[in-house]
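A.B. asks: Pasting model_10.cif below, which is mmCIF, N, CA, C and O atoms.
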data_protein
#
loop_
_atom_site.label_atom_id
_atom_site.label_comp_id
_atom_site.auth_asym_id
_atom_site.auth_seq_id
_atom_site.Cartn_x
_atom_site.Cartn_y
_atom_site.Cartn_z
N MET K 11 -4.18 -0.08 -34.12
CA MET K 11 -4.15 0.80 -32.97
C MET K 11 -3.32 0.15 -31.86
O MET K 11 -3.44 -1.04 -31.59
N LYS K 12 -2.51 0.96 -31.21
CA LYS K 12 -1.62 0.49 -30.15
C LYS K 12 -2.42 0.23 -28.87
O LYS K 12 -3.22 1.08 -28.47
N PRO K 13 -2.22 -0.92 -28.20
CA PRO K 13 -2.96 -1.17 -26.96
C PRO K 13 -2.51 -0.22 -25.85
O PRO K 13 -1.34 0.17 -25.79
N LYS K 14 -3.46 0.14 -24.98
CA LYS K 14 -3.17 1.06 -23.89
C LYS K 14 -2.28 0.38 -22.84
O LYS K 14 -2.52 -0.76 -22.48
N LYS K 15 -1.28 1.09 -22.37
CA LYS K 15 -0.36 0.56 -21.37
C LYS K 15 -1.05 0.54 -20.00
O LYS K 15 -1.65 1.53 -19.59
N ILE K 16 -0.95 -0.59 -19.31
CA ILE K 16 -1.55 -0.73 -17.99
C ILE K 16 -0.43 -0.56 -16.95
O ILE K 16 0.54 -1.32 -16.97
N PRO K 17 -0.57 0.43 -16.04
CA PRO K 17 0.48 0.63 -15.04
C PRO K 17 0.54 -0.55 -14.07
O PRO K 17 -0.49 -1.01 -13.58
N MET K 18 1.75 -1.03 -13.80
CA MET K 18 1.96 -2.16 -12.90
C MET K 18 2.73 -1.69 -11.67
O MET K 18 3.60 -0.83 -11.77
N ARG K 19 2.39 -2.25 -10.52
CA ARG K 19 3.08 -1.95 -9.27
C ARG K 19 3.33 -3.24 -8.51
O ARG K 19 2.62 -4.22 -8.68
N MET K 20 4.33 -3.23 -7.62
CA MET K 20 4.66 -4.41 -6.83
C MET K 20 4.07 -4.29 -5.43
O MET K 20 4.22 -3.27 -4.77
N CYS K 21 3.40 -5.35 -4.98
CA CYS K 21 2.89 -5.42 -3.62
C CYS K 21 4.07 -5.62 -2.68
O CYS K 21 4.91 -6.49 -2.93
N VAL K 22 4.15 -4.82 -1.60
CA VAL K 22 5.27 -4.96 -0.67
C VAL K 22 5.10 -6.18 0.23
O VAL K 22 6.06 -6.59 0.89
N GLY K 23 3.92 -6.79 0.25
CA GLY K 23 3.70 -7.99 1.05
C GLY K 23 4.11 -9.25 0.33
O GLY K 23 5.04 -9.95 0.73
N CYS K 24 3.45 -9.55 -0.79
CA CYS K 24 3.71 -10.79 -1.52
C CYS K 24 4.76 -10.62 -2.62
O CYS K 24 5.20 -11.61 -3.20
N ARG K 25 5.16 -9.38 -2.90
CA ARG K 25 6.19 -9.06 -3.90
C ARG K 25 5.79 -9.44 -5.32
O ARG K 25 6.63 -9.73 -6.15
N GLU K 26 4.48 -9.46 -5.61
CA GLU K 26 4.00 -9.77 -6.95
C GLU K 26 3.66 -8.49 -7.69
O GLU K 26 3.15 -7.55 -7.11
N MET K 27 3.95 -8.49 -9.00
CA MET K 27 3.56 -7.37 -9.84
C MET K 27 2.10 -7.53 -10.22
O MET K 27 1.69 -8.59 -10.70
N LYS K 28 1.31 -6.48 -9.98
CA LYS K 28 -0.11 -6.50 -10.31
C LYS K 28 -0.49 -5.15 -10.91
O LYS K 28 0.26 -4.19 -10.83
N GLU K 29 -1.68 -5.11 -11.49
CA GLU K 29 -2.18 -3.84 -12.02
C GLU K 29 -2.37 -2.86 -10.88
O GLU K 29 -2.80 -3.22 -9.79
N LYS K 30 -2.07 -1.60 -11.15
CA LYS K 30 -2.13 -0.55 -10.12
C LYS K 30 -3.50 -0.46 -9.48
O LYS K 30 -3.62 -0.31 -8.27
N ARG K 31 -4.57 -0.60 -10.27
CA ARG K 31 -5.92 -0.44 -9.72
C ARG K 31 -6.35 -1.62 -8.85
O ARG K 31 -7.33 -1.52 -8.12
N GLU K 32 -5.63 -2.75 -8.90
CA GLU K 32 -5.93 -3.91 -8.07
C GLU K 32 -5.32 -3.78 -6.67
O GLU K 32 -5.62 -4.58 -5.79
N LEU K 33 -4.44 -2.81 -6.48
CA LEU K 33 -3.71 -2.65 -5.22
C LEU K 33 -4.20 -1.43 -4.46
O LEU K 33 -4.79 -0.51 -5.03
N LEU K 34 -3.92 -1.41 -3.16
CA LEU K 34 -4.21 -0.26 -2.32
C LEU K 34 -2.90 0.48 -2.07
O LEU K 34 -1.85 -0.13 -1.87
N ARG K 35 -2.98 1.80 -2.06
CA ARG K 35 -1.79 2.62 -1.84
C ARG K 35 -1.77 3.11 -0.41
O ARG K 35 -2.75 3.68 0.09
N VAL K 36 -0.65 2.88 0.26
CA VAL K 36 -0.42 3.41 1.61
C VAL K 36 0.59 4.53 1.43
O VAL K 36 1.61 4.35 0.76
N VAL K 37 0.30 5.69 1.99
CA VAL K 37 1.15 6.86 1.76
C VAL K 37 1.66 7.44 3.07
O VAL K 37 0.94 7.47 4.07
N HIS K 38 2.93 7.88 3.05
CA HIS K 38 3.53 8.62 4.16
C HIS K 38 3.54 10.08 3.73
O HIS K 38 4.32 10.47 2.85
N THR K 39 2.66 10.88 4.31
CA THR K 39 2.50 12.27 3.90
C THR K 39 3.66 13.13 4.40
O THR K 39 4.35 12.75 5.35
N PRO K 40 3.86 14.29 3.78
CA PRO K 40 4.92 15.21 4.25
C PRO K 40 4.71 15.65 5.70
O PRO K 40 5.67 16.02 6.38
N GLU K 41 3.47 15.59 6.19
CA GLU K 41 3.18 15.96 7.58
C GLU K 41 3.58 14.86 8.56
O GLU K 41 3.53 15.05 9.77
N GLY K 42 3.87 13.66 8.04
CA GLY K 42 4.31 12.56 8.89
C GLY K 42 3.26 11.51 9.16
O GLY K 42 3.51 10.55 9.87
N ALA K 43 2.06 11.65 8.60
CA ALA K 43 0.99 10.68 8.83
C ALA K 43 1.11 9.53 7.82
O ALA K 43 1.56 9.72 6.70
N VAL K 44 0.70 8.34 8.26
CA VAL K 44 0.64 7.19 7.36
C VAL K 44 -0.83 6.87 7.15
O VAL K 44 -1.56 6.60 8.10
N LEU K 45 -1.28 6.97 5.88
CA LEU K 45 -2.70 6.83 5.56
C LEU K 45 -2.92 5.86 4.42
O LEU K 45 -2.02 5.60 3.62
N LEU K 46 -4.15 5.36 4.33
CA LEU K 46 -4.57 4.58 3.17
C LEU K 46 -5.08 5.57 2.14
O LEU K 46 -5.97 6.36 2.41
N ASP K 47 -4.48 5.57 0.96
CA ASP K 47 -4.82 6.53 -0.10
C ASP K 47 -5.80 5.89 -1.06
O ASP K 47 -5.42 5.13 -1.94
N ARG K 48 -7.08 6.20 -0.90
CA ARG K 48 -8.11 5.60 -1.76
C ARG K 48 -8.11 6.20 -3.17
O ARG K 48 -8.47 5.54 -4.13
N THR K 49 -7.67 7.46 -3.31
CA THR K 49 -7.69 8.12 -4.61
C THR K 49 -6.42 7.84 -5.41
O THR K 49 -6.44 7.92 -6.63
N GLY K 50 -5.33 7.54 -4.72
CA GLY K 50 -4.06 7.33 -5.40
C GLY K 50 -3.37 8.61 -5.77
O GLY K 50 -2.43 8.62 -6.56
N LYS K 51 -3.83 9.74 -5.22
CA LYS K 51 -3.30 11.04 -5.62
C LYS K 51 -2.75 11.87 -4.46
O LYS K 51 -2.37 13.01 -4.67
N LEU K 52 -2.73 11.32 -3.24
CA LEU K 52 -2.22 12.09 -2.11
C LEU K 52 -0.72 12.33 -2.26
O LEU K 52 0.00 11.49 -2.81
N ASN K 53 -0.26 13.49 -1.79
CA ASN K 53 1.17 13.80 -1.81
C ASN K 53 1.88 12.93 -0.79
O ASN K 53 1.36 12.66 0.28
N GLY K 54 3.08 12.55 -1.13
CA GLY K 54 3.90 11.78 -0.20
C GLY K 54 4.44 10.52 -0.84
O GLY K 54 4.20 10.21 -2.00
N ARG K 55 5.20 9.80 -0.03
CA ARG K 55 5.82 8.56 -0.49
C ARG K 55 4.82 7.42 -0.37
O ARG K 55 4.24 7.21 0.67
N GLY K 56 4.63 6.69 -1.44
CA GLY K 56 3.62 5.64 -1.47
C GLY K 56 4.20 4.25 -1.58
O GLY K 56 5.30 4.05 -2.07
N ALA K 57 3.42 3.28 -1.08
CA ALA K 57 3.73 1.86 -1.23
C ALA K 57 2.43 1.16 -1.52
O ALA K 57 1.36 1.59 -1.08
N TYR K 58 2.50 0.09 -2.28
CA TYR K 58 1.29 -0.62 -2.70
C TYR K 58 1.19 -1.97 -2.02
O TYR K 58 2.20 -2.68 -1.87
N VAL K 59 -0.05 -2.32 -1.61
CA VAL K 59 -0.33 -3.59 -0.93
C VAL K 59 -1.58 -4.19 -1.56
O VAL K 59 -2.52 -3.47 -1.93
N CYS K 60 -1.60 -5.52 -1.68
CA CYS K 60 -2.81 -6.21 -2.16
C CYS K 60 -3.97 -5.93 -1.22
O CYS K 60 -3.78 -5.57 -0.07
N LYS K 61 -5.18 -6.16 -1.72
CA LYS K 61 -6.37 -5.91 -0.93
C LYS K 61 -6.69 -7.07 0.01
O LYS K 61 -7.85 -7.38 0.26
N SER K 62 -5.66 -7.72 0.56
CA SER K 62 -5.87 -8.82 1.50
C SER K 62 -5.13 -8.51 2.80
O SER K 62 -4.06 -7.91 2.80
N ALA K 63 -5.73 -8.93 3.90
CA ALA K 63 -5.14 -8.70 5.21
C ALA K 63 -3.81 -9.45 5.35
O ALA K 63 -2.90 -8.99 6.03
N GLN K 64 -3.70 -10.61 4.69
CA GLN K 64 -2.47 -11.40 4.79
C GLN K 64 -1.28 -10.64 4.22
O GLN K 64 -0.19 -10.67 4.81
N CYS K 65 -1.47 -9.97 3.09
CA CYS K 65 -0.37 -9.21 2.49
C CYS K 65 0.03 -8.04 3.39
O CYS K 65 1.21 -7.76 3.55
N LEU K 66 -0.95 -7.36 3.97
CA LEU K 66 -0.65 -6.24 4.86
C LEU K 66 0.11 -6.75 6.08
O LEU K 66 1.11 -6.15 6.49
N GLN K 67 -0.34 -7.84 6.67
CA GLN K 67 0.34 -8.40 7.85
C GLN K 67 1.76 -8.82 7.52
O GLN K 67 2.69 -8.57 8.29
N LYS K 68 1.95 -9.44 6.35
CA LYS K 68 3.28 -9.87 5.94
C LYS K 68 4.19 -8.66 5.71
O LYS K 68 5.36 -8.67 6.10
N ALA K 69 3.64 -7.61 5.10
CA ALA K 69 4.42 -6.40 4.84
C ALA K 69 4.86 -5.73 6.14
O ALA K 69 5.97 -5.21 6.22
N VAL K 70 4.00 -5.76 7.16
CA VAL K 70 4.35 -5.16 8.44
C VAL K 70 5.31 -6.07 9.21
O VAL K 70 6.30 -5.59 9.78
N LYS K 71 5.05 -7.38 9.19
CA LYS K 71 5.89 -8.33 9.92
C LYS K 71 7.34 -8.32 9.41
O LYS K 71 8.28 -8.34 10.20
N THR K 72 7.50 -8.28 8.09
CA THR K 72 8.84 -8.28 7.51
C THR K 72 9.42 -6.87 7.41
O THR K 72 10.52 -6.70 6.88
N ARG K 73 8.67 -5.88 7.88
CA ARG K 73 9.07 -4.47 7.89
C ARG K 73 9.25 -3.89 6.49
O ARG K 73 9.90 -2.87 6.31
N GLN K 74 8.69 -4.54 5.50
CA GLN K 74 8.78 -4.04 4.12
C GLN K 74 8.02 -2.74 3.96
O GLN K 74 8.44 -1.86 3.20
N LEU K 75 6.89 -2.60 4.65
CA LEU K 75 6.11 -1.36 4.55
C LEU K 75 6.90 -0.19 5.13
O LEU K 75 6.92 0.89 4.56
N GLU K 76 7.57 -0.42 6.26
CA GLU K 76 8.38 0.64 6.86
C GLU K 76 9.54 1.03 5.94
O GLU K 76 9.85 2.21 5.79
N ARG K 77 10.16 0.05 5.32
CA ARG K 77 11.28 0.33 4.40
C ARG K 77 10.79 1.10 3.18
O ARG K 77 11.44 2.04 2.73
N ALA K 78 9.64 0.68 2.64
CA ALA K 78 9.12 1.33 1.44
C ALA K 78 8.72 2.77 1.71
O ALA K 78 8.89 3.64 0.86
N LEU K 79 8.18 3.03 2.90
CA LEU K 79 7.73 4.38 3.23
C LEU K 79 8.81 5.21 3.92
O LEU K 79 8.62 6.39 4.16
N SER K 80 9.93 4.61 4.25
CA SER K 80 11.05 5.29 4.92
C SER K 80 10.63 5.94 6.22
O SER K 80 11.01 7.07 6.52
N CYS K 81 9.79 5.22 7.00
CA CYS K 81 9.38 5.74 8.31
C CYS K 81 8.91 4.59 9.18
O CYS K 81 8.42 3.59 8.68
N PRO K 82 9.04 4.73 10.51
CA PRO K 82 8.50 3.70 11.41
C PRO K 82 6.97 3.77 11.44
O PRO K 82 6.38 4.84 11.31
N ILE K 83 6.34 2.60 11.59
CA ILE K 83 4.87 2.53 11.62
C ILE K 83 4.45 1.96 12.97
O ILE K 83 4.87 0.86 13.34
N SER K 84 3.61 2.69 13.69
CA SER K 84 3.16 2.24 15.00
C SER K 84 2.05 1.20 14.85
O SER K 84 1.43 1.06 13.80
N GLN K 85 1.78 0.48 15.94
CA GLN K 85 0.73 -0.55 15.94
C GLN K 85 -0.64 0.07 15.69
O GLN K 85 -1.48 -0.52 15.03
N GLU K 86 -0.88 1.29 16.21
CA GLU K 86 -2.17 1.96 16.01
C GLU K 86 -2.43 2.24 14.53
O GLU K 86 -3.53 2.08 14.03
N VAL K 87 -1.38 2.67 13.83
CA VAL K 87 -1.51 2.95 12.40
C VAL K 87 -1.79 1.66 11.65
O VAL K 87 -2.65 1.62 10.76
N PHE K 88 -1.10 0.59 12.01
CA PHE K 88 -1.33 -0.71 11.38
C PHE K 88 -2.78 -1.15 11.57
O PHE K 88 -3.43 -1.61 10.63
N GLU K 89 -3.32 -0.99 12.78
CA GLU K 89 -4.71 -1.38 13.06
C GLU K 89 -5.69 -0.52 12.27
O GLU K 89 -6.69 -1.03 11.76
N SER K 90 -5.41 0.77 12.14
CA SER K 90 -6.32 1.64 11.37
C SER K 90 -6.28 1.27 9.89
O SER K 90 -7.31 1.32 9.20
N LEU K 91 -5.11 0.90 9.38
CA LEU K 91 -5.01 0.46 7.99
C LEU K 91 -5.81 -0.83 7.78
O LEU K 91 -6.50 -0.99 6.77
N GLU K 92 -5.73 -1.75 8.74
CA GLU K 92 -6.47 -3.00 8.66
C GLU K 92 -7.98 -2.75 8.64
O GLU K 92 -8.71 -3.35 7.86
N LYS K 93 -8.44 -1.82 9.49
CA LYS K 93 -9.86 -1.48 9.53
C LYS K 93 -10.32 -0.85 8.21
O LYS K 93 -11.39 -1.16 7.69
N ALA K 94 -9.49 0.04 7.68
CA ALA K 94 -9.83 0.70 6.43
C ALA K 94 -9.89 -0.30 5.27
O ALA K 94 -10.77 -0.22 4.40
N MET K 95 -8.99 -1.29 5.27
CA MET K 95 -9.00 -2.33 4.25
C MET K 95 -10.26 -3.17 4.36
O MET K 95 -10.84 -3.57 3.37
N ALA K 96 -10.68 -3.46 5.60
CA ALA K 96 -11.88 -4.25 5.80
C ALA K 96 -13.12 -3.52 5.29
O ALA K 96 -14.03 -4.13 4.73
N GLN K 97 -13.15 -2.20 5.45
CA GLN K 97 -14.27 -1.40 4.96
C GLN K 97 -14.30 -1.37 3.44
O GLN K 97 -15.36 -1.38 2.83
N ASP K 98 -13.12 -1.31 2.81
CA ASP K 98 -13.05 -1.29 1.35
C ASP K 98 -13.47 -2.61 0.76
O ASP K 98 -13.98 -2.66 -0.36
N GLY K 99 -13.21 -3.66 1.50
CA GLY K 99 -13.56 -4.87 1.13
C GLY K 99 -13.56 -5.97 0.40
O GLY K 99 -13.87 -6.69 -0.28
#
Output the file's structure in the form of structure tokens.

C.D. replies:
Amino acid sequence: MKPKKIPMRMCVGCREMKEKRELLRVVHTPEGAVLLDRTGKLNGRGAYVCKSAQCLQKAVKTRQLERALSCPISQEVFESLEKAMAQDG
């Protein structure tokens, strides 16, 4: 029997390839909002980040998250993403 393929994605912070379910998806919706996508099924352009605050901070500092989502990200959105990550835990 053929082994099941595991989807891999790259973290925009540390640039490491990891399993999709180990990462958090940040999505830029067609309405213009930047949200943390817990289901992985929201419409819009997505980027993946490790479940660590350091990776999120690095992705924002190097502007990789903005490049991946093709939109500017305000400080308020960054803080809300950090809070949501802390709740997920």

A.B. asks: What do you get, as a list in words, if you spell out every residue that the PyMOL selection byres ((chain K and resi 32) around 7) selects here?

C.D. replies: Lys28, Glu29, Lys30, Arg31, Leu33, Leu34, Val59, Cys60 and Lys61 of chain K

A.B. asks: What is the distance between atom O of Thr72 in chain K and CA of Gln97 in chain K, in Å to one decimal?

C.D. replies: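 Atom O of Thr72 in chain K sits 25.4 Å away from CA of Gln97 in chain K.
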
A.B. asks: Leaving out Cys65 in chain K and any residue of its chain fewer than 3 positions from it, which residues lie within 6 Å of it when counting only C-alpha atoms, given as a ChimeraX atom specification?

C.D. replies: /K:23-24,62,68

A.B. asks: To one decimal in Å, tell me the separation between CA of Glu92 in chain K and atom C of Leu66 in chain K.

C.D. replies: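 Atom C of Leu66 in chain K lies 8.0 Å from CA of Glu92 in chain K.
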
A.B. asks: For a quick check of understanding, using all atoms listed in the file, which of K:Gln67, K:Asp47, K:His38, K:Tyr58 has the smallest distance to Ser80 in chain K?

C.D. replies: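 When distances to Ser80 in chain K are compared using all atoms listed in the file, the smallest one comes from K:His38.
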
A.B. asks: Hey, what comes out of the PyMOL selection byres ((chain K and resi 36) around 8) on this file? Could you write it as a list in words?

C.D. replies: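 Here the PyMOL selection byres ((chain K and resi 36) around 8) matches Leu33, Leu34, Arg35, Val37, His38, Thr39, Ala43, Val44, Leu45, Leu46, Asp47, Arg48, Gly50, Gly54, Arg55, Gly56, Ala57, Tyr58, Val59, Leu75, Ala78 and Leu79 of chain K.
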
A.B. asks: Now that the selection is made, can you save its residues with N, CA, C and O atoms as a short mmCIF file (atom, residue, chain, number, x, y, z; two decimals), in the frame of the given file?

C.D. replies:
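After the write, out.cif holds the following:
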data_model
loop_
_atom_site.label_atom_id
_atom_site.label_comp_id
_atom_site.auth_asym_id
_atom_site.auth_seq_id
_atom_site.Cartn_x
_atom_site.Cartn_y
_atom_site.Cartn_z
N LEU K 33 -4.44 -2.81 -6.48
CA LEU K 33 -3.71 -2.65 -5.22
C LEU K 33 -4.20 -1.43 -4.46
O LEU K 33 -4.79 -0.51 -5.03
N LEU K 34 -3.92 -1.41 -3.16
CA LEU K 34 -4.21 -0.26 -2.32
C LEU K 34 -2.90 0.48 -2.07
O LEU K 34 -1.85 -0.13 -1.87
N ARG K 35 -2.98 1.80 -2.06
CA ARG K 35 -1.79 2.62 -1.84
C ARG K 35 -1.77 3.11 -0.41
O ARG K 35 -2.75 3.68 0.09
N VAL K 37 0.30 5.69 1.99
CA VAL K 37 1.15 6.86 1.76
C VAL K 37 1.66 7.44 3.07
O VAL K 37 0.94 7.47 4.07
N HIS K 38 2.93 7.88 3.05
CA HIS K 38 3.53 8.62 4.16
C HIS K 38 3.54 10.08 3.73
O HIS K 38 4.32 10.47 2.85
N THR K 39 2.66 10.88 4.31
CA THR K 39 2.50 12.27 3.90
C THR K 39 3.66 13.13 4.40
O THR K 39 4.35 12.75 5.35
N ALA K 43 2.06 11.65 8.60
CA ALA K 43 0.99 10.68 8.83
C ALA K 43 1.11 9.53 7.82
O ALA K 43 1.56 9.72 6.70
N VAL K 44 0.70 8.34 8.26
CA VAL K 44 0.64 7.19 7.36
C VAL K 44 -0.83 6.87 7.15
O VAL K 44 -1.56 6.60 8.10
N LEU K 45 -1.28 6.97 5.88
CA LEU K 45 -2.70 6.83 5.56
C LEU K 45 -2.92 5.86 4.42
O LEU K 45 -2.02 5.60 3.62
N LEU K 46 -4.15 5.36 4.33
CA LEU K 46 -4.57 4.58 3.17
C LEU K 46 -5.08 5.57 2.14
O LEU K 46 -5.97 6.36 2.41
N ASP K 47 -4.48 5.57 0.96
CA ASP K 47 -4.82 6.53 -0.10
C ASP K 47 -5.80 5.89 -1.06
O ASP K 47 -5.42 5.13 -1.94
N ARG K 48 -7.08 6.20 -0.90
CA ARG K 48 -8.11 5.60 -1.76
C ARG K 48 -8.11 6.20 -3.17
O ARG K 48 -8.47 5.54 -4.13
N GLY K 50 -5.33 7.54 -4.72
CA GLY K 50 -4.06 7.33 -5.40
C GLY K 50 -3.37 8.61 -5.77
O GLY K 50 -2.43 8.62 -6.56
N GLY K 54 3.08 12.55 -1.13
CA GLY K 54 3.90 11.78 -0.20
C GLY K 54 4.44 10.52 -0.84
O GLY K 54 4.20 10.21 -2.00
N ARG K 55 5.20 9.80 -0.03
CA ARG K 55 5.82 8.56 -0.49
C ARG K 55 4.82 7.42 -0.37
O ARG K 55 4.24 7.21 0.67
N GLY K 56 4.63 6.69 -1.44
CA GLY K 56 3.62 5.64 -1.47
C GLY K 56 4.20 4.25 -1.58
O GLY K 56 5.30 4.05 -2.07
N ALA K 57 3.42 3.28 -1.08
CA ALA K 57 3.73 1.86 -1.23
C ALA K 57 2.43 1.16 -1.52
O ALA K 57 1.36 1.59 -1.08
N TYR K 58 2.50 0.09 -2.28
CA TYR K 58 1.29 -0.62 -2.70
C TYR K 58 1.19 -1.97 -2.02
O TYR K 58 2.20 -2.68 -1.87
N VAL K 59 -0.05 -2.32 -1.61
CA VAL K 59 -0.33 -3.59 -0.93
C VAL K 59 -1.58 -4.19 -1.56
O VAL K 59 -2.52 -3.47 -1.93
N LEU K 75 6.89 -2.60 4.65
CA LEU K 75 6.11 -1.36 4.55
C LEU K 75 6.90 -0.19 5.13
O LEU K 75 6.92 0.89 4.56
N ALA K 78 9.64 0.68 2.64
CA ALA K 78 9.12 1.33 1.44
C ALA K 78 8.72 2.77 1.71
O ALA K 78 8.89 3.64 0.86
N LEU K 79 8.18 3.03 2.90
CA LEU K 79 7.73 4.38 3.23
C LEU K 79 8.81 5.21 3.92
O LEU K 79 8.62 6.39 4.16
#

A.B. asks: If you measure from atom N of Pro40 in chain K to CA of Asn53 in chain K, what distance in Å do you get, rounded to one decimal?

C.D. replies: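 Result for atom N of Pro40 in chain K versus CA of Asn53 in chain K: 6.2 Å, one decimal.
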
A.B. asks: Output as a list in words all residues of range 25-93 of chain K that backbone DSSP marks as alpha helix (DSSP H).

C.D. replies: Ala63, Gln64, Cys65, Leu66, Gln67, Lys68, Ala69, Val70, Lys71, Gln74, Leu75, Glu76, Arg77, Ala78, Leu79, Gln85, Glu86, Val87, Phe88, Glu89, Ser90, Leu91, Glu92 and Lys93 of chain K

A.B. asks: With distances taken over all atoms listed in the file, which residue among K:Leu52, K:Lys14, K:Met95, K:Val22 lies nearest Arg73 in chain K?

C.D. replies: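 That would be K:Val22, the residue with the smallest distance to Arg73 in chain K.
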
A.B. asks: Among chain K, which ones does DSSP place in strand (DSSP E), written as a PyMOL selection string?

C.D. replies: chain K and resi 18-20+27-29+33-38+44-47+55-60
